[in-house]
>>> print(open('run_33.txt').read())   # compact mmCIF, C-alpha atoms
# COMPACT_ATOMS: atom_id res chain seq x y z
CA MET A 213 0.88 20.16 47.60
CA ALA A 214 3.80 19.90 45.23
CA CYS A 215 7.19 18.70 46.46
CA ILE A 216 10.30 20.43 45.12
CA LYS A 217 13.59 18.53 45.29
CA LYS A 218 17.14 18.98 44.11
CA TYR A 219 18.78 16.17 42.12
CA ALA A 220 22.23 15.55 40.69
CA THR A 221 22.98 15.89 36.98
CA ALA A 222 26.09 15.31 34.87
CA THR A 223 26.92 19.03 35.01
CA GLY A 224 25.90 19.73 38.59
CA HIS A 225 22.35 19.75 39.88
CA ALA A 226 18.79 20.73 38.90
CA TRP A 227 15.36 20.85 40.49
CA ARG A 228 12.25 18.72 40.02
CA VAL A 229 8.61 19.16 41.00
CA GLN A 230 6.55 16.20 42.16
CA TYR A 231 2.76 16.66 42.21
CA ARG A 232 -0.48 14.73 41.96
CA SER A 233 -2.54 15.26 38.83
CA PRO A 234 -6.36 15.36 38.77
CA ASP A 235 -6.47 11.68 37.74
CA GLY A 236 -4.74 10.77 41.03
CA ARG A 237 -1.40 9.85 39.49
CA SER A 238 1.92 11.02 40.92
CA ARG A 239 3.82 13.00 38.28
CA THR A 240 7.19 14.65 37.98
CA LYS A 241 8.37 17.70 36.05
CA GLN A 242 12.12 18.18 36.15
CA GLY A 243 14.93 20.13 34.52
CA PHE A 244 14.55 23.44 36.34
CA ARG A 245 17.88 25.23 36.78
CA THR A 246 16.87 26.99 39.99
CA LYS A 247 14.52 26.32 42.89
CA ALA A 248 12.71 29.60 42.12
CA GLN A 249 11.92 28.41 38.59
CA ALA A 250 10.63 25.12 39.98
CA GLN A 251 8.52 26.95 42.57
CA ALA A 252 7.02 29.29 39.97
CA TRP A 253 6.10 26.39 37.72
CA ALA A 254 4.57 24.46 40.64
CA GLU A 255 2.37 27.41 41.58
CA THR A 256 1.18 27.89 38.00
CA ASN A 257 0.52 24.17 37.64
CA ALA A 258 -1.46 24.11 40.91
CA ALA A 259 -3.61 27.02 39.73
CA THR A 260 -4.26 25.26 36.42
CA ILE A 261 -5.35 22.10 38.24
CA HIS A 262 -7.61 24.14 40.52
CA THR A 263 -9.37 25.88 37.58
CA GLY A 264 -9.82 22.67 35.62
CA GLY A 265 -7.45 23.65 32.82
CA TRP A 266 -4.82 21.02 33.47
CA VAL A 267 -3.79 18.90 30.48
CA ASP A 268 -1.80 15.68 30.69
CA PRO A 269 1.64 16.63 29.30
CA ASN A 270 1.93 13.19 27.71
CA ALA A 271 -1.40 13.53 25.89
CA GLY A 272 0.15 15.86 23.34
CA THR A 273 2.63 13.27 22.15
CA ILE A 274 0.15 11.66 19.77
CA THR A 275 0.91 12.67 16.19
CA VAL A 276 -1.32 14.52 13.76
CA GLY A 277 -1.14 11.44 11.52
CA GLU A 278 -2.54 9.14 14.22
CA LEU A 279 -5.22 11.59 15.31
CA GLY A 280 -6.09 12.47 11.72
CA GLU A 281 -6.85 8.89 10.76
CA GLN A 282 -9.07 8.62 13.83
CA TRP A 283 -10.88 11.82 12.87
CA LEU A 284 -11.38 10.67 9.28
CA SER A 285 -12.89 7.38 10.45
CA MET A 286 -15.53 9.35 12.35
CA GLN A 287 -16.75 11.38 9.35
CA THR A 288 -19.46 8.89 8.41
CA HIS A 289 -21.98 11.72 7.96
CA LEU A 290 -20.15 13.13 4.94
CA LYS A 291 -21.40 12.50 1.42
CA PRO A 292 -19.17 10.18 -0.65
CA LYS A 293 -17.97 13.03 -2.86
CA THR A 294 -17.10 15.21 0.13
CA MET A 295 -15.34 12.32 1.85
CA HIS A 296 -13.33 11.60 -1.30
CA ASN A 297 -12.22 15.23 -1.53
CA THR A 298 -11.42 15.37 2.18
CA ARG A 299 -9.18 12.31 1.96
CA GLN A 300 -7.41 13.80 -1.06
CA ILE A 301 -6.63 16.99 0.84
CA TRP A 302 -5.47 14.96 3.83
CA ARG A 303 -3.25 12.76 1.67
CA ASN A 304 -1.80 15.52 -0.51
CA HIS A 305 -1.49 18.52 1.79
CA VAL A 306 -2.09 17.95 5.50
CA HIS A 307 -0.45 14.59 6.21
CA PRO A 308 2.82 15.33 4.32
CA ALA A 309 3.31 18.52 6.35
CA TRP A 310 2.03 17.46 9.76
CA GLY A 311 1.66 13.67 9.88
CA THR A 312 4.72 12.97 12.03
CA ARG A 313 4.35 15.98 14.32
CA PRO A 314 3.20 15.52 17.95
CA ILE A 315 0.14 17.72 18.40
CA GLY A 316 1.55 19.28 21.56
CA ASP A 317 4.59 20.65 19.72
CA ILE A 318 2.79 22.62 17.01
CA LEU A 319 3.05 26.41 17.18
CA PRO A 320 0.55 28.89 15.67
CA SER A 321 3.43 30.55 13.80
CA GLU A 322 4.22 27.22 12.12
CA VAL A 323 0.62 26.85 10.98
CA GLN A 324 0.65 30.42 9.66
CA SER A 325 3.83 29.72 7.70
CA TRP A 326 2.33 26.53 6.26
CA VAL A 327 -0.83 28.33 5.16
CA ALA A 328 1.25 31.04 3.48
CA ASN A 329 3.39 28.55 1.57
CA ILE A 330 0.96 25.86 0.37
CA GLY A 331 1.13 27.55 -3.00
CA ARG A 332 -2.37 26.74 -4.17
CA GLY A 333 -5.61 28.65 -4.69
CA ALA A 334 -7.38 30.29 -1.77
CA SER A 335 -10.19 27.74 -1.75
CA LEU A 336 -7.88 24.73 -1.44
CA VAL A 337 -5.70 26.48 1.16
CA ARG A 338 -8.76 27.20 3.28
CA GLN A 339 -9.95 23.61 2.95
CA ALA A 340 -6.55 22.22 3.97
CA HIS A 341 -6.39 24.56 6.97
CA ALA A 342 -9.96 23.68 7.99
CA LEU A 343 -9.07 19.97 7.95
CA LEU A 344 -6.04 20.45 10.20
CA ALA A 345 -8.00 22.78 12.49
CA GLN A 346 -10.86 20.30 12.91
CA ILE A 347 -8.45 17.49 13.82
CA LEU A 348 -6.82 19.71 16.46
CA ASP A 349 -10.26 20.84 17.68
CA MET A 350 -10.91 17.21 18.55
CA ALA A 351 -7.63 17.13 20.46
CA VAL A 352 -8.74 20.14 22.51
CA ARG A 353 -12.13 18.57 23.29
CA ASP A 354 -10.39 15.37 24.36
CA GLY A 355 -8.10 17.30 26.69
CA ARG A 356 -4.92 16.46 24.80
CA ILE A 357 -3.92 20.11 24.27
CA LYS A 358 -5.13 23.33 25.90
CA ALA A 359 -5.65 25.37 22.74
CA ASN A 360 -5.79 24.80 19.02
CA PRO A 361 -2.69 26.31 17.34
CA ALA A 362 -4.48 26.34 13.98
CA ARG A 363 -7.20 28.72 15.15
CA GLY A 364 -6.69 32.43 14.69
CA VAL A 365 -4.27 32.28 11.76
CA ARG A 366 -4.80 34.57 8.80
CA LEU A 367 -6.32 32.88 5.76
CA PRO A 368 -6.39 34.03 2.13
CA SER A 369 -9.64 35.58 1.01
CA LYS A 370 -11.73 33.38 -1.22
CA PRO A 371 -12.63 35.31 -4.38
CA ARG A 372 -16.23 35.21 -5.47
CA GLY A 373 -16.74 33.56 -8.82
CA ALA A 374 -18.08 35.82 -11.52
CA LYS A 375 -21.73 35.08 -12.30
CA VAL A 376 -22.91 35.22 -15.90
CA TYR A 377 -26.51 36.02 -16.74
CA LEU A 378 -28.16 35.44 -20.12
CA THR A 379 -31.35 36.79 -21.55
CA ALA A 380 -34.04 34.33 -22.59
CA GLY A 381 -33.05 35.01 -26.19
CA GLN A 382 -29.41 34.21 -25.54
CA LEU A 383 -30.34 30.99 -23.77
CA ALA A 384 -32.47 30.04 -26.77
CA ARG A 385 -29.53 30.65 -29.11
CA LEU A 386 -27.23 28.47 -27.01
CA ALA A 387 -29.73 25.63 -26.72
CA GLY A 388 -30.56 25.84 -30.40
CA GLU A 389 -26.91 25.45 -31.34
CA CYS A 390 -26.51 22.20 -29.35
CA SER A 391 -26.23 19.08 -31.47
CA LYS A 392 -27.92 17.10 -28.68
CA HIS A 393 -29.42 17.57 -25.25
CA SER A 394 -30.80 21.02 -26.03
CA GLU A 395 -33.70 20.26 -23.69
CA LEU A 396 -31.19 19.75 -20.88
CA VAL A 397 -29.72 23.20 -21.51
CA TRP A 398 -33.23 24.65 -21.35
CA LEU A 399 -33.89 22.84 -18.08
CA LEU A 400 -30.67 23.99 -16.44
CA GLY A 401 -31.08 27.56 -17.67
CA THR A 402 -34.68 28.04 -16.53
CA VAL A 403 -35.24 25.78 -13.52
CA GLY A 404 -31.83 26.06 -11.87
CA LEU A 405 -31.06 22.43 -11.15
CA ARG A 406 -27.48 21.47 -10.39
CA TRP A 407 -25.91 19.32 -13.10
CA GLY A 408 -25.86 16.26 -10.86
CA GLU A 409 -29.53 16.73 -9.94
CA ALA A 410 -30.53 16.85 -13.60
CA ALA A 411 -28.29 13.90 -14.53
CA ALA A 412 -29.95 11.75 -11.86
CA LEU A 413 -33.53 12.49 -12.93
CA ARG A 414 -35.77 9.48 -13.59
CA VAL A 415 -39.06 9.26 -15.42
CA ARG A 416 -40.87 8.94 -12.10
CA ASP A 417 -39.46 12.31 -10.98
CA VAL A 418 -41.25 14.25 -13.74
CA ASN A 419 -44.92 15.21 -13.37
CA VAL A 420 -45.98 16.48 -16.78
CA VAL A 421 -49.54 17.35 -15.71
CA ARG A 422 -48.50 19.51 -12.74
CA GLN A 423 -45.38 20.78 -14.52
CA ARG A 424 -43.24 19.80 -11.58
CA ILE A 425 -40.00 17.87 -11.04
CA SER A 426 -39.16 16.10 -7.79
CA VAL A 427 -35.47 16.54 -7.01
CA GLU A 428 -34.63 13.48 -4.91
CA ARG A 429 -31.19 12.43 -6.12
CA ASN A 430 -27.83 13.83 -7.18
CA ALA A 431 -25.20 12.19 -9.41
CA VAL A 432 -21.62 13.02 -8.43
CA THR A 433 -18.29 11.99 -9.91
CA ILE A 434 -15.98 10.28 -7.40
CA GLY A 435 -12.67 9.57 -9.05
CA SER A 436 -13.60 7.80 -12.28
CA GLU A 437 -16.98 6.58 -11.03
CA ILE A 438 -20.40 8.21 -10.81
CA ALA A 439 -22.34 7.70 -7.59
CA ILE A 440 -25.96 8.65 -6.99
CA GLY A 441 -26.91 10.03 -3.58
CA THR A 442 -29.13 12.68 -2.08
CA PRO A 443 -29.18 16.34 -3.18
CA LYS A 444 -26.43 18.64 -1.92
CA THR A 445 -28.39 19.92 1.09
CA HIS A 446 -29.76 16.41 1.81
CA GLU A 447 -33.27 17.81 1.36
CA ARG A 448 -35.58 16.70 -1.41
CA ARG A 449 -37.58 19.43 -3.10
CA GLU A 450 -40.14 20.02 -5.82
CA VAL A 451 -39.48 22.61 -8.52
CA ALA A 452 -41.66 24.26 -11.14
CA VAL A 453 -40.90 23.79 -14.84
CA PRO A 454 -42.06 26.24 -17.53
CA ALA A 455 -44.62 24.65 -19.86
CA VAL A 456 -42.43 25.17 -22.93
CA VAL A 457 -39.51 23.38 -21.23
CA MET A 458 -41.73 20.54 -20.01
CA GLY A 459 -42.88 20.12 -23.59
CA ARG A 460 -39.26 19.56 -24.61
CA LEU A 461 -38.81 16.97 -21.85
CA ARG A 462 -41.91 14.99 -22.71
CA PRO A 463 -40.33 12.97 -25.58
CA LEU A 464 -37.62 11.75 -23.18
CA LEU A 465 -40.27 10.01 -21.06
CA GLU A 466 -41.95 8.03 -23.83
CA GLY A 467 -41.38 4.29 -23.86
CA LYS A 468 -39.33 4.26 -20.63
CA GLY A 469 -39.98 2.64 -17.29
CA PRO A 470 -40.42 4.78 -14.16
CA ASP A 471 -36.86 4.19 -12.96
CA ALA A 472 -35.18 4.93 -16.30
CA LEU A 473 -32.91 7.98 -16.48
CA LEU A 474 -33.95 10.88 -18.68
CA TRP A 475 -30.37 11.13 -19.93
CA ALA A 476 -28.12 8.08 -19.86
CA ARG A 477 -24.88 6.97 -21.43
CA ALA A 478 -24.60 3.85 -23.52
CA ASP A 479 -23.84 1.76 -20.44
CA GLY A 480 -26.90 3.10 -18.62
CA SER A 481 -24.97 5.35 -16.24
CA PRO A 482 -25.86 9.04 -15.74
CA LEU A 483 -24.67 11.62 -18.24
CA ARG A 484 -21.27 13.08 -17.30
CA LEU A 485 -20.60 16.78 -16.93
CA PRO A 486 -19.39 18.06 -20.32
CA SER A 487 -15.70 18.82 -20.58
CA SER A 488 -13.83 21.00 -23.05
CA GLY A 489 -14.50 19.77 -26.57
CA ASP A 490 -17.78 18.04 -25.72
CA TRP A 491 -21.13 18.82 -27.29
CA TYR A 492 -21.92 21.71 -24.92
CA TYR A 493 -18.67 23.63 -25.39
CA ARG A 494 -18.69 23.07 -29.14
CA ALA A 495 -22.13 24.70 -29.24
CA LEU A 496 -20.95 27.57 -27.05
CA GLY A 497 -17.94 28.05 -29.30
CA ARG A 498 -20.13 28.34 -32.38
CA VAL A 499 -22.37 30.90 -30.68
CA GLN A 500 -19.37 32.97 -29.57
CA GLU A 501 -17.85 32.78 -33.03
CA ALA A 502 -21.03 34.28 -34.45
CA ASP A 503 -21.30 36.79 -31.61
CA PRO A 504 -17.96 37.66 -29.95
CA ASP A 505 -19.82 39.47 -27.15
CA PHE A 506 -21.70 36.34 -26.12
CA PRO A 507 -20.51 35.51 -22.57
CA ARG A 508 -18.83 32.24 -21.69
CA VAL A 509 -21.17 30.29 -19.44
CA THR A 510 -20.45 26.82 -18.05
CA PRO A 511 -23.08 24.13 -17.48
CA HIS A 512 -23.02 25.02 -13.78
CA GLY A 513 -23.25 28.69 -14.73
CA LEU A 514 -26.65 27.98 -16.30
CA ARG A 515 -27.89 27.79 -12.71
CA HIS A 516 -27.09 31.51 -12.36
CA VAL A 517 -28.83 32.13 -15.67
CA ALA A 518 -31.95 30.48 -14.26
CA ALA A 519 -31.78 32.63 -11.12
CA GLY A 520 -31.53 35.77 -13.24
CA LEU A 521 -34.48 34.79 -15.42
CA MET A 522 -36.59 33.91 -12.37
CA VAL A 523 -35.93 37.25 -10.69
CA SER A 524 -36.54 39.19 -13.91
CA SER A 525 -39.89 37.41 -14.25
CA GLY A 526 -40.93 38.60 -10.78
CA ALA A 527 -40.03 35.68 -8.51
CA ASN A 528 -39.33 36.63 -4.89
CA VAL A 529 -36.33 35.40 -2.93
CA LYS A 530 -38.20 32.54 -1.23
CA VAL A 531 -39.29 31.11 -4.57
CA VAL A 532 -35.78 31.38 -5.97
CA GLN A 533 -34.41 29.73 -2.82
CA ARG A 534 -36.80 26.80 -3.19
CA GLN A 535 -36.09 26.35 -6.88
CA LEU A 536 -32.32 26.40 -6.39
CA GLY A 537 -32.35 24.27 -3.24
CA HIS A 538 -30.47 26.72 -1.06
CA ALA A 539 -30.43 26.07 2.69
CA SER A 540 -31.88 29.50 3.43
CA ALA A 541 -33.19 32.66 1.80
CA ALA A 542 -30.22 34.47 3.36
CA MET A 543 -27.90 32.31 1.28
CA THR A 544 -29.85 33.15 -1.87
CA LEU A 545 -29.69 36.87 -1.09
CA ASP A 546 -25.98 36.65 -0.35
CA ILE A 547 -25.25 34.97 -3.68
CA TYR A 548 -27.66 36.98 -5.83
CA ALA A 549 -27.84 40.32 -4.04
CA ASP A 550 -27.17 42.08 -7.34
CA LEU A 551 -30.33 40.59 -8.86
CA PHE A 552 -32.54 42.04 -6.13
CA ASP A 553 -31.19 45.61 -6.31
CA GLY A 554 -34.20 46.51 -8.42
CA ASP A 555 -36.43 45.76 -5.43
CA LEU A 556 -35.03 48.88 -3.73
CA ASP A 557 -36.26 51.04 -6.61
CA GLU A 558 -39.65 49.38 -6.47
CA VAL A 559 -39.91 49.97 -2.71
CA GLY A 560 -39.09 53.64 -3.25
CA ARG A 561 -41.77 54.03 -5.94
CA SER A 562 -44.38 52.19 -3.89
CA MET A 563 -43.67 54.24 -0.76
CA ASP A 564 -43.84 57.43 -2.82
CA VAL A 565 -47.32 56.51 -4.05
CA LEU A 566 -48.47 55.59 -0.54
CA ILE A 567 -47.20 58.81 1.04
CA SER A 568 -48.53 60.97 -1.80
CA ARG A 569 -52.01 59.59 -1.18
CA ALA A 570 -51.73 60.35 2.54
CA VAL A 571 -50.64 63.95 2.12
>>> encode(input="run_33.txt", output="structure tokens")
Amino acid sequence: MACIKKYATATGHAWRVQYRSPDGRSRTKQGFRTKAQAQAWAETNAATIHTGGWVDPNAGTITVGELGEQWLSMQTHLKPKTMHNTRQIWRNHVHPAWGTRPIGDILPSEVQSWVANIGRGASLVRQAHALLAQILDMAVRDGRIKANPARGVRLPSKPRGAKVYLTAGQLARLAGECSKHSELVWLLGTVGLRWGEAAALRVRDVNVVRQRISVERNAVTIGSEIAIGTPKTHERREVAVPAVVMGRLRPLLEGKGPDALLWARADGSPLRLPSSGDWYYRALGRVQEADPDFPRVTPHGLRHVAAGLMVSSGANVKVVQRQLGHASAAMTLDIYADLFDGDLDEVGRSMDVLISRAV
């Protein structure tokens, strides 16, 4: 049972509530102007203790900065690239706004205002919010706060990036215009590897006889360095390579040891993603100069080109999923739903033939 007592203050008197918390400690809540207010709070507090929803009022005094560093230290499962990006978002956006704030004092309206005024693209805003929300989720699980003030706020919609598809002829024109690495453009545009997966390929990963490539590694840029780790989904896979493309890769294997990279810089490190002005974009510029209607496609966009060519050649969604290394066929359908619209027409024609035979 709680004990309600009056006590003297500099301006008169106030009321305090003494109670025992679930951990057995005697606690005091004071500052009530009337006995009725103290009684109402005591009853609510007793009900909260009874239902198991009681939270130590002092637990919310830890700051977002302290809790955030603890949360970051626990993210050992993240890939180096993801961890690097997460720390950048923490350092540049979350910690400056929330680092000194006690977690128990944060209001949902404050989080909503922060989200609305970050002043960056939707993707970065959503990432910054997700980081804050995950830190506060940990606080809820640990019993430091009752609810997460970052959950339930409105977030900006993330626009879908426009996908560019090329015909086989257009891909041939682009590759043919490259001053070097044309075989890499062919590989990206027909097999659908991510740039980092292609950059990390070794001689041992290429099976010329079976026309297969084992995707076991991924090269990612972390700051100014390139690190080699596992593929994006952590799962190794085997992909099919068209015979004509494998023929273009074959010269890259000659005279190299099994662990040698197919494409390497002068210092032996993996090839970096081309930037504006590099060999790839110079080739694209020449193609577009000759044909103003030729679409602008990035090296990563060649992955969409490969998906389009696979579907147009008759590949089903499971094959495309395996080639691209998506976590599920549902993901592939979600990304490339427009490519499979033709399947609806085919279903209609097939059903028409089937029913016509029956009647």
>>> atom_distance(input="run_33.txt", atom1="CA of Gly441 (chain A)", atom2="CA of Asp479 (chain A)")
19.0 Å
>>> residues_around(input="run_33.txt", residues="Pro371 (chain A)", least_positions_apart="4", cutoff="12 Å", atoms="only C-alpha atoms", output="ChimeraX atom specification")
/A:333-336,338
>>> closest_residue(input="run_33.txt", among="A:Arg303, A:Arg332, A:His516, A:Arg356", to="Glu281 (chain A)", atoms="only C-alpha atoms")
A:Arg303
>>> closest_residue(input="run_33.txt", among="A:Leu386, A:Ile357, A:Leu464, A:Val267", to="Asp503 (chain A)", atoms="all atoms listed in the file")
A:Leu386
>>> closest_residue(input="run_33.txt", among="A:Arg353, A:Arg414, A:His512, A:Arg239", to="Ser481 (chain A)", atoms="only C-alpha atoms")
A:Arg414
>>> closest_residue(input="run_33.txt", among="A:Val432, A:Ala472, A:Cys390, A:Met522", to="Tyr492 (chain A)", atoms="all atoms listed in the file")
A:Cys390
>>> closest_atom_pairs(input="run_33.txt", of="region 355-450 of chain A", to="region 526-547 of chain A", cutoff="10 Å", atoms="only C-alpha atoms", output="JSON lines")
{"residue": "A:Arg372", "atom": "CA", "partner": "A:Ile547", "partner_atom": "CA", "distance": 9.2}
{"residue": "A:Lys375", "atom": "CA", "partner": "A:Ile547", "partner_atom": "CA", "distance": 9.3}
{"residue": "A:Thr402", "atom": "CA", "partner": "A:Gln535", "partner_atom": "CA", "distance": 9.9}
{"residue": "A:Val403", "atom": "CA", "partner": "A:Gln535", "partner_atom": "CA", "distance": 6.7}
{"residue": "A:Gly404", "atom": "CA", "partner": "A:Leu536", "partner_atom": "CA", "distance": 5.5}
{"residue": "A:Leu405", "atom": "CA", "partner": "A:Leu536", "partner_atom": "CA", "distance": 6.3}
{"residue": "A:Arg406", "atom": "CA", "partner": "A:Leu536", "partner_atom": "CA", "distance": 8.0}
{"residue": "A:Val427", "atom": "CA", "partner": "A:Gly537", "partner_atom": "CA", "distance": 9.1}
{"residue": "A:Pro443", "atom": "CA", "partner": "A:Gly537", "partner_atom": "CA", "distance": 8.5}
{"residue": "A:Lys444", "atom": "CA", "partner": "A:Gly537", "partner_atom": "CA", "distance": 8.3}
{"residue": "A:Thr445", "atom": "CA", "partner": "A:Ala539", "partner_atom": "CA", "distance": 6.7}
{"residue": "A:His446", "atom": "CA", "partner": "A:Gly537", "partner_atom": "CA", "distance": 9.7}
{"residue": "A:Glu447", "atom": "CA", "partner": "A:Gly537", "partner_atom": "CA", "distance": 8.0}
{"residue": "A:Arg448", "atom": "CA", "partner": "A:Gly537", "partner_atom": "CA", "distance": 8.4}
{"residue": "A:Arg449", "atom": "CA", "partner": "A:Gly537", "partner_atom": "CA", "distance": 7.1}
{"residue": "A:Glu450", "atom": "CA", "partner": "A:Gln535", "partner_atom": "CA", "distance": 7.6}
>>> atom_distance(input="run_33.txt", atom1="CA of Lys392 (chain A)", atom2="CA of Gly408 (chain A)")
18.0 Å
>>> residues_around(input="run_33.txt", residues="Gln324 (chain A)", least_positions_apart="3", cutoff="10 Å", atoms="all atoms listed in the file", output="list in words")
Leu319, Pro320, Ser321, Val327, Ala328, Asn329, His341, Pro361, Ala362, Arg363, Gly364, Val365, Arg366 and Leu367 of chain A
>>> closest_residue(input="run_33.txt", among="A:Leu343, A:Leu290, A:Leu465, A:Leu284", to="Arg416 (chain A)", atoms="only C-alpha atoms")
A:Leu465
